[in-house]
$ cat work_33.pdb   # PDB, C-alpha atoms
ATOM      1  CA  TRP A   1     169.482 185.885  13.463  1.00  0.00           C
ATOM      2  CA  PRO A   2     170.191 188.084  16.503  1.00  0.00           C
ATOM      3  CA  TYR A   3     166.785 187.037  17.870  1.00  0.00           C
ATOM      4  CA  THR A   4     166.684 183.407  16.736  1.00  0.00           C
ATOM      5  CA  ILE A   5     169.929 182.205  18.324  1.00  0.00           C
ATOM      6  CA  PRO A   6     169.007 183.200  21.910  1.00  0.00           C
ATOM      7  CA  LEU A   7     165.600 181.558  21.535  1.00  0.00           C
ATOM      8  CA  PHE A   8     167.116 178.390  20.044  1.00  0.00           C
ATOM      9  CA  ILE A   9     169.705 178.113  22.836  1.00  0.00           C
ATOM     10  CA  VAL A  10     167.325 178.801  25.717  1.00  0.00           C
ATOM     11  CA  TYR A  11     164.783 176.288  24.419  1.00  0.00           C
ATOM     12  CA  ALA A  12     167.424 173.643  23.746  1.00  0.00           C
ATOM     13  CA  ALA A  13     168.804 174.021  27.279  1.00  0.00           C
ATOM     14  CA  GLU A  14     165.453 174.077  29.056  1.00  0.00           C
ATOM     15  CA  TYR A  15     164.037 171.114  27.178  1.00  0.00           C
ATOM     16  CA  MET A  16     167.216 169.131  27.871  1.00  0.00           C
ATOM     17  CA  LEU A  17     166.500 169.908  31.511  1.00  0.00           C
ATOM     18  CA  GLN A  18     162.930 168.680  31.215  1.00  0.00           C
ATOM     19  CA  ALA A  19     163.328 165.701  28.915  1.00  0.00           C
ATOM     20  CA  GLY A  20     166.705 164.535  30.156  1.00  0.00           C
ATOM     21  CA  VAL A  21     168.006 165.644  33.510  1.00  0.00           C
ATOM     22  CA  TRP A  22     164.848 166.173  35.579  1.00  0.00           C
ATOM     23  CA  SER A  23     163.458 162.790  34.582  1.00  0.00           C
ATOM     24  CA  ALA A  24     166.468 161.112  36.221  1.00  0.00           C
ATOM     25  CA  MET A  25     166.178 162.912  39.565  1.00  0.00           C
ATOM     26  CA  GLY A  26     164.263 161.853  42.661  1.00  0.00           C
ATOM     27  CA  PHE A  27     164.690 161.530  46.413  1.00  0.00           C
ATOM     28  CA  PRO A  28     165.786 158.727  46.606  1.00  0.00           C
ATOM     29  CA  VAL A  29     166.878 158.374  43.013  1.00  0.00           C
ATOM     30  CA  THR A  30     166.392 154.598  43.126  1.00  0.00           C
ATOM     31  CA  SER A  31     162.635 155.010  43.532  1.00  0.00           C
ATOM     32  CA  ALA A  32     160.639 155.299  40.311  1.00  0.00           C
ATOM     33  CA  SER A  33     157.755 156.983  42.136  1.00  0.00           C
ATOM     34  CA  SER A  34     160.166 159.523  43.675  1.00  0.00           C
ATOM     35  CA  ARG A  35     161.591 160.333  40.244  1.00  0.00           C
ATOM     36  CA  ALA A  36     158.082 160.717  38.843  1.00  0.00           C
ATOM     37  CA  GLN A  37     157.101 162.981  41.739  1.00  0.00           C
ATOM     38  CA  PHE A  38     160.158 165.227  41.343  1.00  0.00           C
ATOM     39  CA  TYR A  39     159.580 165.377  37.581  1.00  0.00           C
ATOM     40  CA  GLN A  40     156.001 166.491  38.161  1.00  0.00           C
ATOM     41  CA  TYR A  41     156.922 169.096  40.795  1.00  0.00           C
ATOM     42  CA  SER A  42     159.866 170.435  38.808  1.00  0.00           C
ATOM     43  CA  ASN A  43     157.708 170.932  35.742  1.00  0.00           C
ATOM     44  CA  TRP A  44     154.902 172.634  37.689  1.00  0.00           C
ATOM     45  CA  THR A  45     157.456 174.960  39.264  1.00  0.00           C
ATOM     46  CA  TYR A  46     159.071 175.585  35.879  1.00  0.00           C
ATOM     47  CA  GLN A  47     155.670 176.432  34.373  1.00  0.00           C
ATOM     48  CA  ALA A  48     155.009 178.914  37.188  1.00  0.00           C
ATOM     49  CA  GLY A  49     158.251 180.682  36.246  1.00  0.00           C
ATOM     50  CA  VAL A  50     157.265 180.701  32.577  1.00  0.00           C
ATOM     51  CA  PHE A  51     153.835 182.110  33.431  1.00  0.00           C
ATOM     52  CA  LEU A  52     155.299 184.866  35.579  1.00  0.00           C
ATOM     53  CA  SER A  53     157.940 185.924  33.062  1.00  0.00           C
ATOM     54  CA  ARG A  54     155.610 185.850  30.056  1.00  0.00           C
ATOM     55  CA  SER A  55     152.919 187.731  31.962  1.00  0.00           C
ATOM     56  CA  SER A  56     155.311 190.498  32.916  1.00  0.00           C
ATOM     57  CA  GLY A  57     156.725 191.010  29.425  1.00  0.00           C
ATOM     58  CA  ASN A  58     155.169 194.460  29.058  1.00  0.00           C
ATOM     59  CA  LEU A  59     156.712 195.739  32.288  1.00  0.00           C
ATOM     60  CA  CYS A  60     160.214 196.017  30.837  1.00  0.00           C
ATOM     61  CA  THR A  61     162.071 195.475  27.599  1.00  0.00           C
ATOM     62  CA  ALA A  62     165.385 193.657  27.632  1.00  0.00           C
ATOM     63  CA  SER A  63     168.295 194.997  25.636  1.00  0.00           C
ATOM     64  CA  LEU A  64     169.808 192.786  22.949  1.00  0.00           C
ATOM     65  CA  PRO A  65     172.886 191.984  25.116  1.00  0.00           C
ATOM     66  CA  THR A  66     170.552 190.963  27.952  1.00  0.00           C
ATOM     67  CA  LEU A  67     168.579 188.806  25.532  1.00  0.00           C
ATOM     68  CA  TRP A  68     171.849 187.045  24.646  1.00  0.00           C
ATOM     69  CA  PHE A  69     172.951 186.699  28.285  1.00  0.00           C
ATOM     70  CA  MET A  70     169.781 184.928  29.435  1.00  0.00           C
ATOM     71  CA  PRO A  71     170.389 181.764  27.329  1.00  0.00           C
ATOM     72  CA  PHE A  72     173.920 181.621  28.743  1.00  0.00           C
ATOM     73  CA  LEU A  73     172.373 181.499  32.226  1.00  0.00           C
ATOM     74  CA  GLN A  74     170.042 178.722  31.072  1.00  0.00           C
ATOM     75  CA  VAL A  75     173.020 176.695  29.823  1.00  0.00           C
ATOM     76  CA  VAL A  76     174.688 177.225  33.220  1.00  0.00           C
ATOM     77  CA  ASN A  77     171.442 176.014  34.829  1.00  0.00           C
ATOM     78  CA  LEU A  78     171.494 172.917  32.613  1.00  0.00           C
ATOM     79  CA  TYR A  79     175.105 172.201  33.538  1.00  0.00           C
ATOM     80  CA  PHE A  80     174.280 172.665  37.239  1.00  0.00           C
ATOM     81  CA  PHE A  81     171.396 170.177  37.103  1.00  0.00           C
ATOM     82  CA  TRP A  82     173.396 167.729  35.001  1.00  0.00           C
ATOM     83  CA  MET A  83     176.306 167.730  37.466  1.00  0.00           C
ATOM     84  CA  ASN A  84     173.891 167.597  40.391  1.00  0.00           C
ATOM     85  CA  SER A  85     172.121 164.566  38.935  1.00  0.00           C
ATOM     86  CA  ILE A  86     175.498 162.802  38.789  1.00  0.00           C
ATOM     87  CA  HIS A  87     177.129 163.944  42.052  1.00  0.00           C
ATOM     88  CA  HIS A  88     174.068 164.704  44.270  1.00  0.00           C
ATOM     89  CA  PHE A  89     175.651 167.753  45.944  1.00  0.00           C
ATOM     90  CA  TRP A  90     172.244 169.450  46.377  1.00  0.00           C
ATOM     91  CA  TYR A  91     169.628 166.767  46.368  1.00  0.00           C
ATOM     92  CA  ASN A  92     166.352 167.830  47.935  1.00  0.00           C
ATOM     93  CA  TYR A  93     163.217 169.750  47.035  1.00  0.00           C
ATOM     94  CA  GLY A  94     165.136 173.020  47.320  1.00  0.00           C
ATOM     95  CA  LEU A  95     166.028 172.255  43.700  1.00  0.00           C
ATOM     96  CA  LEU A  96     162.600 173.570  42.775  1.00  0.00           C
ATOM     97  CA  LEU A  97     164.022 177.107  43.089  1.00  0.00           C
ATOM     98  CA  PRO A  98     166.406 176.672  40.127  1.00  0.00           C
ATOM     99  CA  CYS A  99     163.532 174.943  38.294  1.00  0.00           C
ATOM    100  CA  PHE A 100     161.513 178.132  38.760  1.00  0.00           C
ATOM    101  CA  PHE A 101     164.534 180.135  37.550  1.00  0.00           C
ATOM    102  CA  ALA A 102     164.686 177.966  34.406  1.00  0.00           C
ATOM    103  CA  GLY A 103     161.067 178.893  33.716  1.00  0.00           C
ATOM    104  CA  LEU A 104     161.775 182.584  34.264  1.00  0.00           C
ATOM    105  CA  LEU A 105     164.646 182.457  31.778  1.00  0.00           C
ATOM    106  CA  GLY A 106     162.758 180.472  29.158  1.00  0.00           C
ATOM    107  CA  GLY A 107     159.645 182.607  29.317  1.00  0.00           C
ATOM    108  CA  GLY A 108     161.701 185.786  29.518  1.00  0.00           C
ATOM    109  CA  VAL A 109     163.706 185.060  26.385  1.00  0.00           C
ATOM    110  CA  TYR A 110     160.524 184.074  24.569  1.00  0.00           C
ATOM    111  CA  VAL A 111     158.573 187.228  25.373  1.00  0.00           C
ATOM    112  CA  GLN A 112     161.565 189.561  25.139  1.00  0.00           C
ATOM    113  CA  GLY A 113     162.738 188.034  21.857  1.00  0.00           C
ATOM    114  CA  PHE A 114     159.411 188.614  20.178  1.00  0.00           C
ATOM    115  CA  SER A 115     159.124 192.058  21.781  1.00  0.00           C
ATOM    116  CA  ARG A 116     162.564 193.016  20.421  1.00  0.00           C
ATOM    117  CA  VAL A 117     161.587 191.825  16.930  1.00  0.00           C
ATOM    118  CA  ASN A 118     158.405 193.872  17.120  1.00  0.00           C
ATOM    119  CA  ALA A 119     160.299 196.959  18.270  1.00  0.00           C
ATOM    120  CA  ASP A 120     163.425 196.644  16.125  1.00  0.00           C
ATOM    121  CA  MET A 121     162.303 195.324  12.746  1.00  0.00           C
ATOM    122  CA  PRO A 122     160.846 197.529  10.026  1.00  0.00           C
ATOM    123  CA  LEU A 123     157.177 196.895   9.363  1.00  0.00           C
ATOM    124  CA  GLU A 124     157.770 195.273   5.965  1.00  0.00           C
ATOM    125  CA  LEU A 125     160.122 192.642   7.505  1.00  0.00           C
ATOM    126  CA  ARG A 126     158.343 192.105  10.806  1.00  0.00           C
ATOM    127  CA  GLU A 127     156.082 189.217   9.758  1.00  0.00           C
ATOM    128  CA  PHE A 128     158.984 187.283   8.217  1.00  0.00           C
ATOM    129  CA  ALA A 129     161.147 187.972  11.276  1.00  0.00           C
ATOM    130  CA  MET A 130     158.409 186.758  13.640  1.00  0.00           C
ATOM    131  CA  ALA A 131     158.062 183.528  11.645  1.00  0.00           C
ATOM    132  CA  SER A 132     161.832 183.004  11.673  1.00  0.00           C
ATOM    133  CA  VAL A 133     162.038 183.512  15.408  1.00  0.00           C
ATOM    134  CA  GLY A 134     159.086 181.160  15.864  1.00  0.00           C
ATOM    135  CA  ILE A 135     160.983 178.388  14.087  1.00  0.00           C
ATOM    136  CA  ALA A 136     163.991 178.823  16.384  1.00  0.00           C
ATOM    137  CA  ASP A 137     162.198 177.613  19.509  1.00  0.00           C
ATOM    138  CA  SER A 138     160.845 174.547  17.687  1.00  0.00           C
ATOM    139  CA  LEU A 139     164.308 173.657  16.413  1.00  0.00           C
ATOM    140  CA  GLY A 140     165.688 174.108  19.921  1.00  0.00           C
ATOM    141  CA  ILE A 141     163.090 171.687  21.272  1.00  0.00           C
ATOM    142  CA  LEU A 142     163.870 169.152  18.531  1.00  0.00           C
ATOM    143  CA  VAL A 143     167.618 169.284  19.214  1.00  0.00           C
ATOM    144  CA  ALA A 144     166.998 169.075  22.970  1.00  0.00           C
ATOM    145  CA  ASP A 145     164.813 166.004  22.659  1.00  0.00           C
ATOM    146  CA  ILE A 146     167.449 164.229  20.588  1.00  0.00           C
ATOM    147  CA  LEU A 147     170.320 165.205  22.889  1.00  0.00           C
ATOM    148  CA  SER A 148     168.288 164.311  25.987  1.00  0.00           C
ATOM    149  CA  LEU A 149     168.525 160.688  24.963  1.00  0.00           C
ATOM    150  CA  TYR A 150     172.248 160.870  25.668  1.00  0.00           C
ATOM    151  CA  ILE A 151     172.558 162.996  28.811  1.00  0.00           C
TER
END
$ encode --input "work_33.pdb" --output "structure tokens"
Amino acid sequence: WPYTIPLFIVYAAEYMLQAGVWSAMGFPVTSASSRAQFYQYSNWTYQAGVFLSRSSGNLCTASLPTLWFMPFLQVVNLYFFWMNSIHHFWYNYGLLLPCFFAGLLGGGVYVQGFSRVNADMPLELREFAMASVGIADSLGILVADILSLYI
């Protein structure tokens, strides 16, 4: 469970960003084509962050407290975007920077979570632990997609 909860939380938060908040943003927000364009750009930028963080997983290994702190930052990122979509306090394409950050966090927790399981679990439990951690991200996505209908 020390590896599944961070993965569940980070995936729930980032998919609520993608499925809920980012789809409602655009410049101007009243334009459907502007919302579609921001959604496309935000997701491309997010994927670049995921690619970078997953590709650099062998460069360093996060401690367990760091692995738990990263989902907290993703929840803060979700709250930031949610409030920004309501109040428009930062409403331009500079928002692609926190989109990239969301990708870094999501990819980082993914690669570091599995790396920690590989390093920390005894060989006879490793396969079961990997499968358990793999279910956590899918459950996070499921919960996010349901909750995104309401945010």
$ residues_around --input "work_33.pdb" --residues "Ala13 in chain A" --least-positions-apart "4" --cutoff "7 Å" --atoms "only C-alpha atoms" --output "JSON, numbers by chain"
{"A": [9, 17, 74, 75, 78, 144]}
$ residues_around --input "work_33.pdb" --residues "Val10 in chain A" --least-positions-apart "3" --cutoff "8 Å" --atoms "all atoms listed in the file" --output "JSON, numbers by chain"
{"A": [6, 7, 13, 14, 70, 71, 72, 74, 75, 105, 106, 109, 140]}
$ resolve_selection --input "work_33.pdb" --expression "the PyMOL selection byres ((chain A and resi 114) around 10)" --output "PDB file with C-alpha atoms, in the frame of the given file"
ATOM      1  CA  TYR A   3     166.785 187.037  17.870  1.00  0.00           C
ATOM      2  CA  THR A   4     166.684 183.407  16.736  1.00  0.00           C
ATOM      3  CA  LEU A   7     165.600 181.558  21.535  1.00  0.00           C
ATOM      4  CA  GLY A  57     156.725 191.010  29.425  1.00  0.00           C
ATOM      5  CA  VAL A 109     163.706 185.060  26.385  1.00  0.00           C
ATOM      6  CA  TYR A 110     160.524 184.074  24.569  1.00  0.00           C
ATOM      7  CA  VAL A 111     158.573 187.228  25.373  1.00  0.00           C
ATOM      8  CA  GLN A 112     161.565 189.561  25.139  1.00  0.00           C
ATOM      9  CA  GLY A 113     162.738 188.034  21.857  1.00  0.00           C
ATOM     10  CA  SER A 115     159.124 192.058  21.781  1.00  0.00           C
ATOM     11  CA  ARG A 116     162.564 193.016  20.421  1.00  0.00           C
ATOM     12  CA  VAL A 117     161.587 191.825  16.930  1.00  0.00           C
ATOM     13  CA  ASN A 118     158.405 193.872  17.120  1.00  0.00           C
ATOM     14  CA  ALA A 119     160.299 196.959  18.270  1.00  0.00           C
ATOM     15  CA  ASP A 120     163.425 196.644  16.125  1.00  0.00           C
ATOM     16  CA  ALA A 129     161.147 187.972  11.276  1.00  0.00           C
ATOM     17  CA  MET A 130     158.409 186.758  13.640  1.00  0.00           C
ATOM     18  CA  VAL A 133     162.038 183.512  15.408  1.00  0.00           C
ATOM     19  CA  GLY A 134     159.086 181.160  15.864  1.00  0.00           C
TER      20      GLY A 134
END
$ closest_residue --input "work_33.pdb" --among "A:Asp145, A:Trp90, A:Phe101, A:Leu52" --to "Val76 in chain A" --atoms "all atoms listed in the file"
A:Phe101
$ closest_residue --input "work_33.pdb" --among "A:Leu96, A:Pro2, A:Thr45, A:His88" --to "Ser63 in chain A" --atoms "all atoms listed in the file"
A:Pro2
$ resolve_selection --input "work_33.pdb" --expression "the PyMOL selection byres ((chain A and resi 35) around 12)" --output "PyMOL selection string"
chain A and resi 21-34+36-42+85+91-93
$ atom_distance --input "work_33.pdb" --atom1 "CA of Leu95 in chain A" --atom2 "CA of Ile146 in chain A"
24.5 Å
$ atom_distance --input "work_33.pdb" --atom1 "CA of Leu139 in chain A" --atom2 "CA of Ile86 in chain A"
27.3 Å
$ atom_distance --input "work_33.pdb" --atom1 "CA of Trp44 in chain A" --atom2 "CA of Gly94 in chain A"
14.1 Å
$ axis_aligned_box --input "work_33.pdb" --around "range 144-148 of chain A" --padding-each-side "3 Å" --output "JSON"
{"center_x": 167.6, "center_y": 166.7, "center_z": 23.3, "size_x": 11.5, "size_y": 10.8, "size_z": 11.4}
$ closest_residue --input "work_33.pdb" --among "A:Leu64, A:Ala48, A:Ile141, A:Cys99" --to "Phe81 in chain A" --atoms "only C-alpha atoms"
A:Cys99
$ closest_residue --input "work_33.pdb" --among "A:Ile151, A:Ser132, A:Ile5, A:Leu59" --to "Met83 in chain A" --atoms "all atoms listed in the file"
A:Ile151
$ closest_residue --input "work_33.pdb" --among "A:Leu142, A:Leu104, A:Leu125, A:Ala131" --to "Gly49 in chain A" --atoms "all atoms listed in the file"
A:Leu104
$ closest_residue --input "work_33.pdb" --among "A:Asn58, A:Gln18, A:Gln47, A:Thr66" --to "Gly103 in chain A" --atoms "only C-alpha atoms"
A:Gln47
